[in-house]
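Structure below is protein03.pdb: PDB, C-alpha atoms.
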```
ATOM      1  CA  MET A  13      18.443   3.158   0.326
ATOM      2  CA  SER A  14      18.674   1.382   3.648
ATOM      3  CA  ASN A  15      15.995   2.153   6.191
ATOM      4  CA  ASN A  16      15.480   0.085   9.325
ATOM      5  CA  TYR A  17      12.299   1.848  10.364
ATOM      6  CA  PHE A  18       9.305   2.714   8.222
ATOM      7  CA  SER A  19       6.483   5.024   9.261
ATOM      8  CA  GLY A  20       4.140   7.655   7.855
ATOM      9  CA  VAL A  21       2.350   7.674   4.512
ATOM     10  CA  ILE A  22       3.723   5.109   2.055
ATOM     11  CA  PRO A  23       1.264   5.134  -0.857
ATOM     12  CA  ILE A  24       0.795   2.274  -3.297
ATOM     13  CA  LEU A  25       1.517   3.469  -6.811
ATOM     14  CA  SER A  26      -1.180   3.150  -9.462
ATOM     15  CA  THR A  27      -0.002   1.646 -12.729
ATOM     16  CA  PRO A  28      -0.948   3.837 -15.709
ATOM     17  CA  PHE A  29      -2.379   1.534 -18.386
ATOM     18  CA  ASP A  30      -3.866   2.648 -21.682
ATOM     19  CA  GLU A  31      -7.050   1.109 -23.069
ATOM     20  CA  LYS A  32      -5.056  -1.784 -24.562
ATOM     21  CA  GLY A  33      -3.289  -2.491 -21.281
ATOM     22  CA  LEU A  34       0.073  -0.960 -22.210
ATOM     23  CA  ILE A  35       2.047   0.727 -19.423
ATOM     24  CA  SER A  36       2.957   4.418 -19.643
ATOM     25  CA  PHE A  37       6.311   4.638 -17.902
ATOM     26  CA  ASP A  38       6.361   8.410 -18.421
ATOM     27  CA  ASP A  39       3.181   8.806 -16.371
ATOM     28  CA  LEU A  40       4.530   6.381 -13.767
ATOM     29  CA  LYS A  41       7.614   8.579 -13.355
ATOM     30  CA  LYS A  42       5.398  11.656 -12.978
ATOM     31  CA  GLU A  43       3.412   9.867 -10.277
ATOM     32  CA  ILE A  44       6.595   8.943  -8.409
ATOM     33  CA  ASP A  45       7.958  12.491  -8.487
ATOM     34  CA  TRP A  46       4.645  14.008  -7.422
ATOM     35  CA  CYS A  47       4.327  11.640  -4.454
ATOM     36  CA  ILE A  48       7.823  12.501  -3.261
ATOM     37  CA  GLU A  49       7.189  16.221  -3.735
ATOM     38  CA  VAL A  50       4.137  16.085  -1.439
ATOM     39  CA  GLY A  51       6.152  14.423   1.312
ATOM     40  CA  VAL A  52       5.548  10.668   1.315
ATOM     41  CA  THR A  53       7.937   8.574   3.406
ATOM     42  CA  GLY A  54       8.105   5.687   0.932
ATOM     43  CA  LEU A  55       6.456   4.181  -2.137
ATOM     44  CA  GLY A  56       4.881   0.776  -2.650
ATOM     45  CA  ILE A  57       4.197  -1.509  -5.600
ATOM     46  CA  ALA A  58       1.437  -3.871  -4.557
ATOM     47  CA  LEU A  59      -2.223  -4.877  -4.956
ATOM     48  CA  GLY A  60      -3.271  -1.300  -5.718
ATOM     49  CA  SER A  61      -0.698  -1.316  -8.522
ATOM     50  CA  GLU A  62      -2.537  -4.303 -10.035
ATOM     51  CA  ILE A  63       0.650  -6.280  -9.547
ATOM     52  CA  PHE A  64      -1.038  -9.617 -10.151
ATOM     53  CA  THR A  65      -1.984  -8.543 -13.680
ATOM     54  CA  LEU A  66       1.648  -7.998 -14.641
ATOM     55  CA  LEU A  67       3.849 -10.291 -16.680
ATOM     56  CA  ASP A  68       7.107 -11.255 -14.962
ATOM     57  CA  SER A  69       9.021  -8.982 -17.323
ATOM     58  CA  GLU A  70       6.673  -6.099 -16.465
ATOM     59  CA  ARG A  71       7.108  -6.622 -12.718
ATOM     60  CA  LYS A  72      10.852  -6.297 -13.180
ATOM     61  CA  GLU A  73      10.574  -3.273 -15.462
ATOM     62  CA  ILE A  74       8.219  -1.422 -13.128
ATOM     63  CA  LEU A  75      10.410  -2.059 -10.086
ATOM     64  CA  LYS A  76      13.537  -1.026 -12.008
ATOM     65  CA  THR A  77      11.790   2.154 -13.144
ATOM     66  CA  VAL A  78      10.576   3.028  -9.655
ATOM     67  CA  VAL A  79      13.968   2.392  -8.027
ATOM     68  CA  GLN A  80      15.762   4.416 -10.696
ATOM     69  CA  GLN A  81      13.291   7.326 -10.597
ATOM     70  CA  VAL A  82      13.219   7.422  -6.788
ATOM     71  CA  ASN A  83      17.022   7.489  -6.786
ATOM     72  CA  GLY A  84      17.294   6.962  -3.049
ATOM     73  CA  ARG A  85      14.922   9.765  -2.061
ATOM     74  CA  VAL A  86      12.512   7.420  -0.238
ATOM     75  CA  PRO A  87      12.461   3.646   0.349
ATOM     76  CA  VAL A  88      10.641   1.372  -2.081
ATOM     77  CA  VAL A  89       8.406  -1.488  -0.868
ATOM     78  CA  MET A  90       7.738  -4.315  -3.346
ATOM     79  CA  ASN A  91       4.972  -6.888  -3.068
ATOM     80  CA  SER A  92       6.640 -10.272  -3.568
ATOM     81  CA  GLY A  93       4.018 -12.723  -2.348
ATOM     82  CA  GLY A  94       2.980 -15.815  -4.236
ATOM     83  CA  GLU A  95       0.509 -18.659  -3.890
ATOM     84  CA  ALA A  96       3.447 -21.061  -3.543
ATOM     85  CA  THR A  97       6.517 -20.645  -1.355
ATOM     86  CA  PHE A  98       8.689 -21.258  -4.427
ATOM     87  CA  LEU A  99       7.166 -18.280  -6.230
ATOM     88  CA  ALA A 100       7.415 -15.974  -3.232
ATOM     89  CA  LEU A 101      11.065 -16.931  -2.730
ATOM     90  CA  GLU A 102      11.892 -16.151  -6.355
ATOM     91  CA  PHE A 103       9.931 -12.877  -6.382
ATOM     92  CA  SER A 104      11.519 -11.792  -3.083
ATOM     93  CA  LYS A 105      15.100 -12.512  -4.114
ATOM     94  CA  GLU A 106      14.474 -10.802  -7.439
ATOM     95  CA  ALA A 107      13.033  -7.706  -5.722
ATOM     96  CA  GLU A 108      16.069  -7.460  -3.464
ATOM     97  CA  SER A 109      18.437  -7.773  -6.430
ATOM     98  CA  LEU A 110      16.570  -4.990  -8.273
ATOM     99  CA  GLY A 111      16.893  -2.525  -5.410
ATOM    100  CA  ALA A 112      13.743  -2.827  -3.298
ATOM    101  CA  ASP A 113      14.218  -1.620   0.287
ATOM    102  CA  ALA A 114      11.479  -3.780   1.810
ATOM    103  CA  LEU A 115       9.010  -6.471   0.807
ATOM    104  CA  MET A 116       5.280  -6.820   1.356
ATOM    105  CA  ILE A 117       3.961 -10.362   1.350
ATOM    106  CA  LYS A 118       0.430 -11.709   1.546
ATOM    107  CA  PRO A 119       0.301 -15.383   2.567
ATOM    108  CA  PRO A 120      -1.218 -17.987   0.254
ATOM    109  CA  GLN A 121      -4.986 -18.080   0.530
ATOM    110  CA  GLY A 122      -6.043 -20.473   3.276
ATOM    111  CA  ALA A 123      -2.557 -20.925   4.754
ATOM    112  CA  SER A 124      -2.564 -21.407   8.523
ATOM    113  CA  GLY A 125      -0.671 -23.034  11.367
ATOM    114  CA  ASN A 126       2.805 -24.356  10.571
ATOM    115  CA  ASN A 127       2.272 -23.823   6.840
ATOM    116  CA  LEU A 128       1.837 -20.099   7.428
ATOM    117  CA  ILE A 129       4.783 -19.923   9.818
ATOM    118  CA  ASN A 130       7.098 -21.852   7.507
ATOM    119  CA  TYR A 131       6.079 -19.786   4.475
ATOM    120  CA  PHE A 132       7.236 -16.545   6.076
ATOM    121  CA  ILE A 133      10.325 -18.016   7.755
ATOM    122  CA  GLU A 134      11.631 -19.509   4.502
ATOM    123  CA  ILE A 135      11.221 -16.191   2.700
ATOM    124  CA  ALA A 136      12.739 -14.188   5.569
ATOM    125  CA  GLU A 137      15.806 -16.432   5.558
ATOM    126  CA  SER A 138      16.296 -15.971   1.805
ATOM    127  CA  VAL A 139      16.641 -12.160   1.813
ATOM    128  CA  ASN A 140      18.142  -9.375   3.866
ATOM    129  CA  LEU A 141      15.195  -6.980   3.781
ATOM    130  CA  PRO A 142      12.411  -6.065   6.225
ATOM    131  CA  ILE A 143       9.112  -7.728   5.366
ATOM    132  CA  PHE A 144       5.593  -6.338   5.760
ATOM    133  CA  MET A 145       3.348  -9.331   6.461
ATOM    134  CA  GLN A 146       0.073  -8.395   4.779
ATOM    135  CA  ASP A 147      -2.950  -9.453   6.815
ATOM    136  CA  VAL A 148      -6.044  -9.438   4.594
ATOM    137  CA  ILE A 149      -9.391 -11.080   5.136
ATOM    138  CA  GLU A 150      -8.917 -13.771   2.466
ATOM    139  CA  ALA A 151      -5.330 -14.558   3.559
ATOM    140  CA  GLN A 152      -4.917 -13.680   7.213
ATOM    141  CA  VAL A 153      -1.920 -13.261   9.478
ATOM    142  CA  PRO A 154      -3.660 -13.380  12.882
ATOM    143  CA  PRO A 155      -2.280 -11.035  15.545
ATOM    144  CA  LEU A 156      -0.713 -13.753  17.714
ATOM    145  CA  VAL A 157       0.888 -15.340  14.645
ATOM    146  CA  ALA A 158       2.298 -11.991  13.513
ATOM    147  CA  ILE A 159       3.768 -11.435  17.004
ATOM    148  CA  LYS A 160       5.274 -14.940  17.006
ATOM    149  CA  LEU A 161       6.830 -14.445  13.578
ATOM    150  CA  SER A 162       8.330 -11.100  14.605
ATOM    151  CA  LYS A 163      10.173 -12.930  17.386
ATOM    152  CA  LEU A 164      11.285 -15.812  15.162
ATOM    153  CA  HIS A 165      13.056 -13.719  12.534
ATOM    154  CA  LYS A 166      14.404 -10.179  12.504
ATOM    155  CA  ASN A 167      13.130  -9.509   8.961
ATOM    156  CA  LEU A 168       9.522 -10.204   9.956
ATOM    157  CA  ASN A 169       9.107  -7.009  11.944
ATOM    158  CA  TYR A 170       6.171  -5.338  10.153
ATOM    159  CA  VAL A 171       2.516  -6.192   9.685
ATOM    160  CA  LYS A 172       0.019  -4.380   7.474
ATOM    161  CA  SER A 173      -3.322  -5.011   9.190
ATOM    162  CA  GLU A 174      -6.141  -5.024   6.639
ATOM    163  CA  THR A 175      -8.441  -7.767   7.885
ATOM    164  CA  LEU A 176     -11.791  -6.081   8.405
ATOM    165  CA  PRO A 177     -12.772  -4.443  10.639
ATOM    166  CA  THR A 178      -9.282  -2.965  10.741
ATOM    167  CA  ILE A 179      -9.683  -0.758  13.823
ATOM    168  CA  PRO A 180     -10.151  -3.639  16.289
ATOM    169  CA  ARG A 181      -7.621  -5.702  14.316
ATOM    170  CA  VAL A 182      -4.928  -3.073  14.859
ATOM    171  CA  ALA A 183      -5.947  -2.702  18.514
ATOM    172  CA  GLU A 184      -5.821  -6.455  19.092
ATOM    173  CA  THR A 185      -2.422  -6.767  17.435
ATOM    174  CA  ASN A 186      -1.062  -3.880  19.484
ATOM    175  CA  SER A 187      -2.407  -5.343  22.719
ATOM    176  CA  TYR A 188      -0.280  -8.472  22.259
ATOM    177  CA  ASN A 189       2.761  -6.503  21.125
ATOM    178  CA  THR A 190       4.052  -5.910  24.643
ATOM    179  CA  ASP A 191       7.735  -5.753  23.709
ATOM    180  CA  ASN A 192       7.195  -3.752  20.488
ATOM    181  CA  SER A 193       8.856  -6.468  18.407
ATOM    182  CA  LEU A 194       6.247  -5.870  15.685
ATOM    183  CA  ILE A 195       5.646  -2.565  13.894
ATOM    184  CA  ILE A 196       2.029  -2.076  12.805
ATOM    185  CA  PHE A 197       0.830  -0.350   9.628
ATOM    186  CA  GLY A 198      -2.690   0.329   8.409
ATOM    187  CA  GLY A 199      -4.003  -0.050   4.891
ATOM    188  CA  ALA A 200      -7.484  -0.382   3.391
ATOM    189  CA  GLY A 201      -7.042   2.811   1.370
ATOM    190  CA  GLY A 202      -6.302   4.919   4.439
ATOM    191  CA  LYS A 203      -9.991   4.783   5.345
ATOM    192  CA  PHE A 204      -9.350   4.401   9.082
ATOM    193  CA  MET A 205      -5.912   5.992   9.226
ATOM    194  CA  LEU A 206      -6.363   8.077  12.369
ATOM    195  CA  GLN A 207      -8.381   5.501  14.299
ATOM    196  CA  GLU A 208      -5.613   2.991  13.557
ATOM    197  CA  ALA A 209      -2.964   5.501  14.659
ATOM    198  CA  ARG A 210      -4.712   5.898  18.012
ATOM    199  CA  ARG A 211      -4.403   2.134  18.463
ATOM    200  CA  GLY A 212      -0.758   1.643  17.635
ATOM    201  CA  SER A 213      -0.321   1.980  13.879
ATOM    202  CA  VAL A 214       2.745   3.992  12.854
ATOM    203  CA  GLY A 215       1.757   4.520   9.226
ATOM    204  CA  THR A 216      -0.608   3.825   6.387
ATOM    205  CA  MET A 217      -0.422   2.634   2.772
ATOM    206  CA  PRO A 218      -3.228   4.359   0.844
ATOM    207  CA  PHE A 219      -3.787   4.974  -2.859
ATOM    208  CA  ALA A 220      -1.159   7.270  -4.364
ATOM    209  CA  SER A 221      -3.850   9.652  -5.643
ATOM    210  CA  MET A 222      -4.574  10.683  -2.034
ATOM    211  CA  ALA A 223      -0.958  11.170  -0.994
ATOM    212  CA  ASP A 224      -1.044  14.974  -0.810
ATOM    213  CA  PHE A 225      -3.856  15.494   1.670
ATOM    214  CA  LEU A 226      -3.142  12.334   3.681
ATOM    215  CA  VAL A 227       0.468  13.438   4.202
ATOM    216  CA  GLU A 228      -0.802  16.800   5.489
ATOM    217  CA  ILE A 229      -3.214  15.063   7.856
ATOM    218  CA  TRP A 230      -0.603  12.581   9.069
ATOM    219  CA  ASN A 231       1.911  15.354   9.744
ATOM    220  CA  GLN A 232      -0.654  17.331  11.726
ATOM    221  CA  TRP A 233      -1.392  14.230  13.772
ATOM    222  CA  GLN A 234       2.308  13.601  14.480
ATOM    223  CA  ASN A 235       2.771  17.233  15.455
ATOM    224  CA  GLN A 236       0.122  16.717  18.162
ATOM    225  CA  ASP A 237      -2.447  18.859  16.364
ATOM    226  CA  LYS A 238      -4.897  15.977  16.535
ATOM    227  CA  PHE A 239      -8.069  18.079  16.461
ATOM    228  CA  ALA A 240      -6.990  19.763  13.225
ATOM    229  CA  ALA A 241      -5.984  16.405  11.748
ATOM    230  CA  GLU A 242      -9.348  14.845  12.566
ATOM    231  CA  SER A 243     -11.189  17.880  11.210
ATOM    232  CA  LYS A 244      -9.300  17.785   7.914
ATOM    233  CA  PHE A 245      -9.740  14.032   7.634
ATOM    234  CA  ARG A 246     -13.524  14.415   7.968
ATOM    235  CA  LYS A 247     -13.400  16.902   5.110
ATOM    236  CA  TYR A 248     -12.078  14.145   2.821
ATOM    237  CA  GLN A 249     -13.989  11.229   4.361
ATOM    238  CA  THR A 250     -16.744  11.047   1.723
ATOM    239  CA  LEU A 251     -14.146  10.990  -1.046
ATOM    240  CA  ILE A 252     -12.118   8.251   0.661
ATOM    241  CA  ASP A 253     -15.248   6.182   1.297
ATOM    242  CA  LEU A 254     -16.417   6.454  -2.307
ATOM    243  CA  VAL A 255     -13.043   5.447  -3.731
ATOM    244  CA  ALA A 256     -12.845   2.501  -1.325
ATOM    245  CA  MET A 257     -16.391   1.398  -2.171
ATOM    246  CA  ASP A 258     -15.094  -1.779  -3.838
ATOM    247  CA  PRO A 259     -11.747  -2.856  -5.351
ATOM    248  CA  GLY A 260     -12.934  -2.506  -8.947
ATOM    249  CA  SER A 261     -14.304   0.999  -8.558
ATOM    250  CA  ALA A 262     -11.143   2.008  -6.715
ATOM    251  CA  MET A 263      -9.028   1.197  -9.770
ATOM    252  CA  TRP A 264     -11.111   3.534 -11.948
ATOM    253  CA  LEU A 265     -11.664   6.363  -9.489
ATOM    254  CA  THR A 266      -8.148   6.653  -8.104
ATOM    255  CA  LYS A 267      -6.750   6.895 -11.636
ATOM    256  CA  ASP A 268      -9.397   9.447 -12.575
ATOM    257  CA  MET A 269      -8.224  11.520  -9.612
ATOM    258  CA  LEU A 270      -4.647  11.325 -10.896
ATOM    259  CA  VAL A 271      -5.909  12.644 -14.239
ATOM    260  CA  ARG A 272      -7.599  15.560 -12.439
ATOM    261  CA  LYS A 273      -4.307  16.354 -10.722
ATOM    262  CA  GLY A 274      -2.451  16.412 -14.040
ATOM    263  CA  ILE A 275      -0.324  13.351 -13.248
ATOM    264  CA  PHE A 276      -1.856  10.750 -15.575
ATOM    265  CA  SER A 277      -2.978  11.363 -19.121
ATOM    266  CA  LYS A 278      -6.642  10.541 -19.638
ATOM    267  CA  ASN A 279      -5.480   7.932 -22.157
ATOM    268  CA  ASN A 280      -3.487   6.143 -19.436
ATOM    269  CA  ALA A 281      -6.133   5.897 -16.726
ATOM    270  CA  PHE A 282      -7.539   2.431 -17.368
ATOM    271  CA  PRO A 283      -7.368  -0.627 -15.114
ATOM    272  CA  ARG A 284      -5.899  -3.739 -16.637
ATOM    273  CA  ARG A 285      -7.722  -6.127 -14.317
ATOM    274  CA  SER A 286     -11.240  -7.225 -15.225
ATOM    275  CA  CYS A 287     -13.355  -5.056 -12.958
ATOM    276  CA  ASN A 288     -16.656  -3.292 -13.276
ATOM    277  CA  LYS A 289     -16.497   0.348 -14.276
ATOM    278  CA  PRO A 290     -18.554   2.622 -11.989
ATOM    279  CA  ASP A 291     -21.722   3.865 -13.644
ATOM    280  CA  GLU A 292     -22.214   7.427 -14.819
ATOM    281  CA  GLU A 293     -23.950   8.492 -11.601
ATOM    282  CA  ILE A 294     -20.959   7.395  -9.509
ATOM    283  CA  PHE A 295     -18.587   9.351 -11.725
ATOM    284  CA  LEU A 296     -20.831  12.433 -11.526
ATOM    285  CA  GLU A 297     -20.935  12.219  -7.730
ATOM    286  CA  PHE A 298     -17.183  11.645  -7.649
ATOM    287  CA  HIS A 299     -16.525  14.716  -9.755
ATOM    288  CA  ARG A 300     -18.872  16.839  -7.617
ATOM    289  CA  ILE A 301     -16.894  15.828  -4.539
ATOM    290  CA  LEU A 302     -13.607  16.634  -6.273
ATOM    291  CA  ASP A 303     -15.008  20.031  -7.282
ATOM    292  CA  GLU A 304     -16.068  20.776  -3.719
ATOM    293  CA  LEU A 305     -12.598  19.851  -2.484
ATOM    294  CA  LYS A 306     -10.982  21.882  -5.280
ATOM    295  CA  ILE A 307      -9.138  18.860  -6.630
TER     296      ILE A 307
END
```
Take the structure I supplied and represent it as structure tokens, if you would.
Amino acid sequence: MSNNYFSGVIPILSTPFDEKGLISFDDLKKEIDWCIEVGVTGLGIALGSEIFTLLDSERKEILKTVVQQVNGRVPVVMNSGGEATFLALEFSKEAESLGADALMIKPPQGASGNNLINYFIEIAESVNLPIFMQDVIEAQVPPLVAIKLSKLHKNLNYVKSETLPTIPRVAETNSYNTDNSLIIFGGAGGKFMLQEARRGSVGTMPFASMADFLVEIWNQWQNQDKFAAESKFRKYQTLIDLVAMDPGSAMWLTKDMLVRKGIFSKNNAFPRRSCNKPDEEIFLEFHRILDELKI
């Protein structure tokens, strides 16, 4: 699928691992179909997919599976960053060859100045896909740098602003974006989706488990029913906050939610990365919230 403009809710797929770390491709396909059924405008494979825990062969197999299962219904965004330019170039060219419609790239940790500029320019020149520059606190793409890059190469026309606090980060980026050369997305689990939208974001990339209600909220917002959108968002705020409590807990809780929705088997709801499992009290609170929301 070719798509020159991305917007709306593009969730990051969770990877269904069993207790031994094996991938359930059947559950992954169910997740893809469910997300499309609830109205997402794209699908992503990225940090929330635990991409950095995957073997190279698994990265390829997951992307192939997603592209094949999507079958052109929505665009697919693949994280292809690496801690060396060489790696990012190889991952990016590979993603394009396997059918990705766009790339998402976090710069190497600590990269700045000309090193940061050259990293993105070299990758942009090696592919013919739009690139989401991922701005995170440990590997930042500052607003003025993102604007500069968007003018230096046509493929560098998106930024996913996740450096905390994200609300002023999105606002700052938008304030410099006077010619709209850069398209701004939010992230951070969708936690500040509407506040970011008020400040220039055109979409968000949350956890896939939240796709259904976040699509409803986003559509209300776009249809100018902003009061209803804000009201519904507040209804889910405690759930979103709890899931986004820390990256480790998010891996457990978002997969548990997919089990509740009948998308993942309970046997395929484990993180592969080494992260702390929330304690019993957190799970009990989580399940009470899900019960209240009828999830």
Picked residues, the PyMOL selection byres ((chain A and resi 121) around 7), as a ChimeraX atom specification: /A:119-120,122-123,150-151
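Distances from A:Leu161, A:Cys287, A:Leu296, A:Ile63 to A:Pro259 were compared using all atoms listed in the file, and the smallest one belongs to A:Cys287.
The space separating atom CA of A:Ala281 from atom CA of A:Glu293 comes to 18.7 Å.
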Counting only C-alpha atoms, which residues come within 6 Å of (10.8, 0.0, -1.2), with the point read in the file's coordinates, and could you list them as a tab-separated table (two decimals) with C-alpha atoms, keeping the file's coordinate frame?
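out39.tsv was written with the following content:
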```
chain	number	residue	atom	x	y	z
A	87	PRO	CA	12.46	3.65	0.35
A	88	VAL	CA	10.64	1.37	-2.08
A	89	VAL	CA	8.41	-1.49	-0.87
A	90	MET	CA	7.74	-4.32	-3.35
A	112	ALA	CA	13.74	-2.83	-3.30
A	113	ASP	CA	14.22	-1.62	0.29
A	114	ALA	CA	11.48	-3.78	1.81
```
Counting only C-alpha atoms, which of A:Asn91, A:Gln152, A:Phe18, A:Ile35 gets nearest to A:Leu194? A:Phe18
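Reported to one decimal place, the separation of atom CA of A:Leu66 from atom CA of A:Gln146 is 19.5 Å.
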Would you mind reading off the distance between atom CA of A:Gln249 and atom CA of A:Ala262, one decimal, in Å? 14.7 Å
I want to know what sits within 12 Å of stretch 36-47 of chain A, based on only C-alpha atoms, with residues of the same chain fewer than 4 positions away left out; could you give that as number ranges by chain? A: 21-32, 51-57, 61, 70, 73-83, 85-88, 218-227, 267, 269-271, 273-282
Expand the PyMOL selection byres ((chain A and resi 164-181) around 6) into the explicit residue set it covers here, and present it as an mmCIF file with C-alpha atoms, in the frame of the given file.
```cif
data_model
loop_
_atom_site.group_PDB
_atom_site.id
_atom_site.type_symbol
_atom_site.label_atom_id
_atom_site.label_comp_id
_atom_site.auth_asym_id
_atom_site.auth_seq_id
_atom_site.Cartn_x
_atom_site.Cartn_y
_atom_site.Cartn_z
ATOM 1 C CA ALA A 136 12.739 -14.188 5.569
ATOM 2 C CA PRO A 142 12.411 -6.065 6.225
ATOM 3 C CA ILE A 143 9.112 -7.728 5.366
ATOM 4 C CA PHE A 144 5.593 -6.338 5.760
ATOM 5 C CA MET A 145 3.348 -9.331 6.461
ATOM 6 C CA GLN A 146 0.073 -8.395 4.779
ATOM 7 C CA ASP A 147 -2.950 -9.453 6.815
ATOM 8 C CA VAL A 148 -6.044 -9.438 4.594
ATOM 9 C CA ILE A 149 -9.391 -11.080 5.136
ATOM 10 C CA LEU A 161 6.830 -14.445 13.578
ATOM 11 C CA SER A 162 8.330 -11.100 14.605
ATOM 12 C CA LYS A 163 10.173 -12.930 17.386
ATOM 13 C CA VAL A 182 -4.928 -3.073 14.859
ATOM 14 C CA ALA A 183 -5.947 -2.702 18.514
ATOM 15 C CA GLU A 184 -5.821 -6.455 19.092
ATOM 16 C CA LEU A 194 6.247 -5.870 15.685
ATOM 17 C CA ILE A 195 5.646 -2.565 13.894
ATOM 18 C CA ILE A 196 2.029 -2.076 12.805
ATOM 19 C CA PHE A 197 0.830 -0.350 9.628
ATOM 20 C CA GLY A 198 -2.690 0.329 8.409
ATOM 21 C CA GLY A 199 -4.003 -0.050 4.891
ATOM 22 C CA ALA A 200 -7.484 -0.382 3.391
ATOM 23 C CA GLU A 208 -5.613 2.991 13.557
#
```
Answer as a PyMOL selection string, residues within 9 Å of (0.1, 11.7, 8.6) using all atoms listed in the file: chain A and resi 20-21+205-206+215-216+225-234+241
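Counting all atoms listed in the file, the residue from A:Ile135, A:Leu34, A:Leu67, A:Leu110 that sits nearest to A:Gly93 is A:Ile135.
With all atoms listed in the file as the atoms that count, the minimum distance from A:Ser124 to the choices A:Ala107, A:Val157, A:Leu59, A:Ser286 is reached by A:Val157.
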Between A:Ser104, A:Phe239, A:Ser138, A:Thr97, single out the one closest to A:Arg71, counting all atoms listed in the file.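 Closest candidate: A:Ser104.
Checking A:Gly202, A:Pro155, A:Gly212, A:Gly60 one by one against A:Tyr188, counting only C-alpha atoms, you find the shortest gap at A:Pro155.
Take the PyMOL selection byres ((chain A and resi 298-304) around 9) and apply it to this file: it picks A:Tyr248, A:Thr250, A:Leu251, A:Leu254, A:Val255, A:Leu265, A:Met269, A:Arg272, A:Glu293, A:Ile294, A:Phe295, A:Leu296, A:Glu297, A:Leu305, A:Lys306, A:Ile307.
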Please write out, as lines of an AutoDock Vina configuration file, where the centre of an axis-aligned box around all listed atoms of stretch 162-174 of chain A lies and how long its edges are, in Å to one decimal, after adding 6 Å on each side.
```
center_x = 4.1
center_y = -10.1
center_z = 12.0
size_x = 32.5
size_y = 23.4
size_z = 22.7
```
I need stretch 71-109 of chain A written out with C-alpha atoms, as an mmCIF file, in the first residue's frame; please produce it.
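Dumped to part.cif:
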```cif
data_model
loop_
_atom_site.group_PDB
_atom_site.id
_atom_site.type_symbol
_atom_site.label_atom_id
_atom_site.label_comp_id
_atom_site.auth_asym_id
_atom_site.auth_seq_id
_atom_site.Cartn_x
_atom_site.Cartn_y
_atom_site.Cartn_z
ATOM 1 C CA ARG A 71 11.956 -9.517 12.679
ATOM 2 C CA LYS A 72 11.621 -10.593 9.064
ATOM 3 C CA GLU A 73 8.998 -13.234 9.818
ATOM 4 C CA ILE A 74 6.860 -10.872 11.884
ATOM 5 C CA LEU A 75 6.963 -8.143 9.238
ATOM 6 C CA LYS A 76 6.171 -10.657 6.483
ATOM 7 C CA THR A 77 3.249 -11.977 8.525
ATOM 8 C CA VAL A 78 1.869 -8.515 9.247
ATOM 9 C CA VAL A 79 2.164 -7.352 5.625
ATOM 10 C CA GLN A 80 0.541 -10.540 4.344
ATOM 11 C CA GLN A 81 -2.291 -10.502 6.905
ATOM 12 C CA VAL A 82 -2.979 -6.786 6.415
ATOM 13 C CA ASN A 83 -3.133 -7.380 2.661
ATOM 14 C CA GLY A 84 -3.203 -3.692 1.813
ATOM 15 C CA ARG A 85 -6.071 -2.785 4.140
ATOM 16 C CA VAL A 86 -3.984 -0.281 6.141
ATOM 17 C CA PRO A 87 -0.348 0.870 5.929
ATOM 18 C CA VAL A 88 2.320 -0.880 7.981
ATOM 19 C CA VAL A 89 5.005 1.080 9.875
ATOM 20 C CA MET A 90 8.200 -0.810 10.771
ATOM 21 C CA ASN A 91 10.760 0.276 13.343
ATOM 22 C CA SER A 92 14.141 0.041 11.612
ATOM 23 C CA GLY A 93 16.431 2.007 13.907
ATOM 24 C CA GLY A 94 19.803 0.789 15.069
ATOM 25 C CA GLU A 95 22.614 1.936 17.326
ATOM 26 C CA ALA A 96 24.864 2.186 14.260
ATOM 27 C CA THR A 97 24.042 3.787 10.921
ATOM 28 C CA PHE A 98 25.077 0.545 9.204
ATOM 29 C CA LEU A 99 22.453 -1.430 11.115
ATOM 30 C CA ALA A 100 19.701 1.111 10.531
ATOM 31 C CA LEU A 101 20.484 1.183 6.806
ATOM 32 C CA GLU A 102 20.261 -2.601 6.564
ATOM 33 C CA PHE A 103 17.077 -2.820 8.658
ATOM 34 C CA SER A 104 15.454 -0.007 6.650
ATOM 35 C CA LYS A 105 16.243 -1.456 3.232
ATOM 36 C CA GLU A 106 15.089 -4.864 4.424
ATOM 37 C CA ALA A 107 11.797 -3.433 5.736
ATOM 38 C CA GLU A 108 11.131 -1.733 2.414
ATOM 39 C CA SER A 109 11.849 -4.946 0.501
#
```
